[in-house]
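Student: Questions regarding the structure given below will be posed in turn.
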Amino acid sequence: MKLVVQVKLLPTPEQASALEATLLACNRAATHASQVAFAKDLKDRNGLQKEVYAELKARFGLSAQPVVRAVKKVVDAYAALRASLRAGNLGPSTCKRYRAAVGTSIDFRPEAAQPFDDRCLSWQYDARTVSIWTVAGRMRGIRFACSPDQLKTLTAHRKGESDLVCRGGKWFLIATCDLPDPEVYEPVDWIGVDRGIVNLATTSDGTNYQGRRLYRYRRWQARKRAELQRKTSRSARRRLARRKRKEQRHATHVNHRISKEIVSVAQRTGRGIAVEALGGIRERVRLRRDQRGTLSSWPFHQLGQHLAYKARRAGVPFLEVDAAYTSQRCPRCGHTERANRSARDHFRCRRCGLAGPADVVAGVNVRDRARSAWVLVTAPAPSP
């Protein structure tokens with residue numbers, strides 16, 4: 001499985017200036033290559049490289065390998081754009097890349113990430129330093145900081161390119177690691193996980209990860225942003241910039257913690273993990289105005305992704321099941337009716353009288369569907 005490891009670079013002021021100039025030159029070169037590719041309809045890497053290779057070296061002061069990486073970045077950007085358009089994932093009013101696809105070429109931000117391969121970047125794990133190519137020459141001895149687990153993963157499994165990123169004046173390297181897939185065991189049962197807004201995750205065991213405290217935190221952050229946006233001072237703009245990613249980092253931390261606990265319980269008890277397939281939920285439901293921000297501001301998909309990759313890394317079986325009527329179906333008699341859920345937190349079956357917390361009942365239904373789905377997944381293929 002592919003895993004990314006992010007380490008923080010600790011450059012000196014001179015090294016930071018060289019890295020900043022390198023990002024600027026590489027992204028200017030990529031933007032120029034993108035304009036050429038759009039004007040001449042060049043979609044393949046070899047054709048675009050033949051067209052712009054000499055010009056990028058002479059005009060932007062890049063050496064051979066950074067030019068190759070910049071061309072590949074352009075080709076990959078257009079390939080991703082075409083794939084998103086075919087899948088219908090882009091909207092005409094919300095996505096800049098959609099507008100780029102209609103009439104203009106793709107432009108790259110001056111601080112956009114730049115990939116480096118082993119010819120441009122080398123790691124010295126024992127000294128915790130890297131050597132990287134810049135427009136000012138090869139910079140050696142740039143220190144980096146990471147946890148012992150990250151260093152162990154880098155040393156044993158790093159493979160392929162690493163991306164240089166500047167975020168909020170801080171420098172990072174994002175390295176790709178290729179870890180071997182552990183063997184997935186045969187589960188003795190399943191843990192059903194129901195995701196929601198009031199309760200971020202509720203398992204079929206009755207474990208509840210409430211979102212009330214997090215909801216208050218998000219409302220406080222929104223009020224602080226509104227207060228700062230009403231001001232026009234430079235200090236207010238600086239504080240807004242510092243707050244830009246704070247809530248996102250907090251949400252990611254909470255999702256990591258929840259998914260880690262669920263996977264740990266599943267691994268310890270020999271069970272698998274089942275979640276609802278919630279793809280396209282925003283297109284299927286019509287929300288009130290006051291609900292739109294609440295539903296759109298929490299990364300539910302990220303929680304599912306964390307559960308999936310952590311389960312895969314631990315060898316825990318993972319399934320996505322149909323989410324239809326999981327909160328309205330009685331797990332005892334199978335009776336499905338909207339009136340079974342008279343309130344958000346309470347479930348009571350109109351036929352057999354089964355009652356309990358609504359989110360726990362939904363988790364039990366997810367678990368039951370996973371039991372049936374796993375039988376179909378592991379069933380032998382019928383003989384011809």
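Chain identifiers are assigned as A, B, and so on, following the order in which chains appear in the structure tokens; residues are numbered from 1 within each chain, and ligands are numbered from 1 in order of appearance.
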I need the residues of segment 38-282 of chain A that end up classed as strand (DSSP E) by DSSP on the backbone, written out as a PyMOL selection string.
Tutor: chain A and resi 114-116+121-124+129-134+137-145+158-167+170-178+190-195+199-203+208-210+272-276
Student: So that I can see what lies close to Asp117 of chain A, please list as a list in words the residues with an atom at most 7 Å from it, counting only C-alpha atoms and leaving out residues fewer than 2 positions away in the same chain.
Tutor: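 Contacts, with the query itself left out: Pro115, Arg119, Cys120, Leu121, Gly160, Glu161 and Ser162 of chain A.
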Student: Considering only C-alpha atoms, state which residue in the set A:Arg28, A:Lys224, A:His335, A:Arg329 is at the smallest distance from Arg351 of chain A.
Tutor: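 Closest to Arg351 of chain A, using only C-alpha atoms: A:His335.
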Student: How many Å lie between atom CA of Leu62 of chain A and atom CA of Ser34 of chain A, rounded to one decimal?
Tutor: 16.3 Å
Student: Which polymer residues have any atom within 10 Å of an atom of segment 237-243 of chain A, counting only C-alpha atoms, with same-chain residues fewer than 2 positions away left out, as a ChimeraX atom specification?
Tutor: /A:168,221,224-229,231-235,245-248
Student: For Ile191 of chain A, please output as a short mmCIF file (atom, residue, chain, number, x, y, z; two decimals) with N, CA, C and O atoms, in the first residue's frame all residues within 8 Å (counting only C-alpha atoms; exclusion window: fewer than 3 positions along the same chain).
Tutor:
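Output contents, as saved in part39.cif:
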```
data_model
loop_
_atom_site.label_atom_id
_atom_site.label_comp_id
_atom_site.auth_asym_id
_atom_site.auth_seq_id
_atom_site.Cartn_x
_atom_site.Cartn_y
_atom_site.Cartn_z
N THR A 203 -20.50 3.01 16.86
CA THR A 203 -20.27 1.63 16.46
C THR A 203 -21.43 0.75 16.92
O THR A 203 -22.23 1.13 17.80
N SER A 204 -21.51 -0.43 16.33
CA SER A 204 -22.55 -1.38 16.71
C SER A 204 -22.35 -1.90 18.13
O SER A 204 -23.27 -2.48 18.72
N ASP A 205 -21.16 -1.72 18.71
CA ASP A 205 -20.92 -2.09 20.11
C ASP A 205 -21.50 -1.08 21.09
O ASP A 205 -21.49 -1.33 22.30
N ALA A 266 -11.09 -3.49 16.49
CA ALA A 266 -11.36 -4.56 15.51
C ALA A 266 -10.21 -5.55 15.43
O ALA A 266 -10.42 -6.76 15.38
N ARG A 271 -12.29 -8.85 14.47
CA ARG A 271 -13.44 -8.51 13.66
C ARG A 271 -13.06 -7.58 12.51
O ARG A 271 -11.95 -7.03 12.46
N GLY A 272 -13.97 -7.42 11.55
CA GLY A 272 -13.79 -6.49 10.46
C GLY A 272 -14.54 -5.19 10.73
O GLY A 272 -15.28 -5.07 11.72
N ILE A 273 -14.36 -4.22 9.84
CA ILE A 273 -14.99 -2.91 9.97
C ILE A 273 -15.87 -2.67 8.76
O ILE A 273 -15.44 -2.86 7.62
N ALA A 274 -17.11 -2.24 9.00
CA ALA A 274 -18.05 -1.93 7.93
C ALA A 274 -18.57 -0.52 8.12
O ALA A 274 -18.92 -0.12 9.24
N GLY A 363 -25.78 1.43 13.34
CA GLY A 363 -24.54 0.67 13.32
C GLY A 363 -24.78 -0.82 13.28
O GLY A 363 -24.06 -1.57 12.60
N ARG A 367 -23.62 -3.49 10.43
CA ARG A 367 -22.94 -4.75 10.75
C ARG A 367 -23.64 -5.94 10.10
O ARG A 367 -22.99 -6.82 9.53
#
```
